[in-house]
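Trainee: I have a structure I would like to understand better, so I am pasting it below and will then ask my questions one at a time.
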Amino acid sequence: ISDLVADLPHAQMTVPQSPAVAAIVLALGCAAFCLLAGPVRMVGLGMAGLGLLLALAGRPLPDLLVDGTAGNAALRNGEGLLVPAVTRKSRFSVERWLQSDGDNASPGEAAKRIGWTCLAARCEAIVKGRRIAYVTGDGTAPIACAGFDIMIASFPLRGACRTVPIRIDRFNVWRSGPHALYINGRDV
């Protein structure tokens, strides 16, 4: 029977992560429905319904993700799909990002999507009108910074690229952890 059920269409599927508030409201509603008696019990049913609505509404998705070592970055392309800059680095982080999005693609498949344009140790992209650069390497080569709004580097930038409004490098993620950027018009 278990094999029959496992072979059914959509028996296994990845769903996007719901907001934490939705899970809390749903749990409180279910608990209230089970623990209360009489007509007051319907309050719990209403709360559970609200929790389900919040879960279906989803959560705002970041436009740019940088992992905890700055070893990889991913952007959300025009189709709303995540595209990692590098195929092999920080594979665990990329797999978790894709899983959280409800995306069954492997990191290699996701990296082939339209989004980044990479040459040697530099990837460039435009997300919501913002020019983004992701640079790998050891930081000894000079970096062309002109015209970028966001610069991400897998090494410490130190004094380089001070004209770039948003700089995320190895030291930033060491101090603050992974980064998620939301681009809203002129604000990031």
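We name chains A, B, ... following the order of the structure tokens; residues begin at 1 in each chain, and ligands are numbered from 1 as shown.
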Excluding range 78-94 of chain A and its own-chain neighbours fewer than 5 positions away, which residues fall within 6 Å of it when counting only C-alpha atoms? Please give them as a PyMOL selection string.

Mentor: chain A and resi 71-73+108+110-111

Trainee: Where in range 9-185 of chain A does DSSP assign helix (DSSP H, G or I), given as a VMD selection string?

Mentor: chain A and resid 20 to 35 38 to 57 91 to 101 107 to 111 170 to 176

Trainee: I'd like the contact shell of Gly147 in chain A - 9 Å cut-off, only C-alpha atoms, skipping same-chain residues fewer than 4 positions apart - returned as a short mmCIF file (atom, residue, chain, number, x, y, z; two decimals) with all heavy atoms, in the first residue's frame.

Mentor:
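Ended up saving to selection.cif:
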data_model
loop_
_atom_site.label_atom_id
_atom_site.label_comp_id
_atom_site.auth_asym_id
_atom_site.auth_seq_id
_atom_site.Cartn_x
_atom_site.Cartn_y
_atom_site.Cartn_z
N ARG A 131 22.15 47.54 -10.70
CA ARG A 131 23.27 46.77 -11.22
C ARG A 131 24.01 46.12 -10.05
O ARG A 131 24.38 46.78 -9.09
CB ARG A 131 24.23 47.66 -11.99
CG ARG A 131 23.61 48.08 -13.32
CD ARG A 131 24.61 48.66 -14.28
NE ARG A 131 25.62 47.66 -14.62
CZ ARG A 131 26.88 47.98 -14.89
NH1 ARG A 131 27.28 49.22 -14.86
NH2 ARG A 131 27.75 47.03 -15.20
N THR A 163 32.77 53.84 -3.72
CA THR A 163 31.72 54.59 -4.40
C THR A 163 30.44 53.78 -4.57
O THR A 163 29.40 54.34 -4.89
CB THR A 163 32.20 55.06 -5.79
OG1 THR A 163 32.57 53.90 -6.56
CG2 THR A 163 33.39 56.00 -5.67
N VAL A 164 30.52 52.47 -4.37
CA VAL A 164 29.34 51.61 -4.50
C VAL A 164 28.48 51.78 -3.25
O VAL A 164 28.97 51.60 -2.13
CB VAL A 164 29.76 50.13 -4.69
CG1 VAL A 164 28.54 49.23 -4.77
CG2 VAL A 164 30.62 49.98 -5.94
#

Trainee: Do a neighbour search on Gly137 in chain A at 8 Å with only C-alpha atoms, toss out local chain neighbours closer than 6 positions, and write the hits as a PyMOL selection string.

Mentor: chain A and resi 121+154-155

Trainee: Please produce a file of those selected residues containing N, CA, C and O atoms, as an mmCIF file, in the first residue's frame.

Mentor:
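The result, written out as again_1.cif:
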data_model
loop_
_atom_site.group_PDB
_atom_site.id
_atom_site.type_symbol
_atom_site.label_atom_id
_atom_site.label_comp_id
_atom_site.auth_asym_id
_atom_site.auth_seq_id
_atom_site.Cartn_x
_atom_site.Cartn_y
_atom_site.Cartn_z
ATOM 1 N N ALA A 121 36.095 35.463 -12.807
ATOM 2 C CA ALA A 121 35.779 35.525 -11.381
ATOM 3 C C ALA A 121 34.769 36.640 -11.073
ATOM 4 O O ALA A 121 34.729 37.157 -9.968
ATOM 5 N N SER A 154 33.567 37.743 -2.325
ATOM 6 C CA SER A 154 33.848 36.585 -1.462
ATOM 7 C C SER A 154 35.112 36.793 -0.646
ATOM 8 O O SER A 154 35.513 35.913 0.100
ATOM 9 N N PHE A 155 35.722 37.936 -0.761
ATOM 10 C CA PHE A 155 36.940 38.291 -0.034
ATOM 11 C C PHE A 155 36.736 39.674 0.595
ATOM 12 O O PHE A 155 35.803 40.381 0.239
#

Trainee: Can you measure CA of His10 in chain A to CA of Asp101 in chain A for me? One decimal in Å is fine.

Mentor: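 Value for the CA of His10 in chain A-CA of Asp101 in chain A distance: 17.2 Å.
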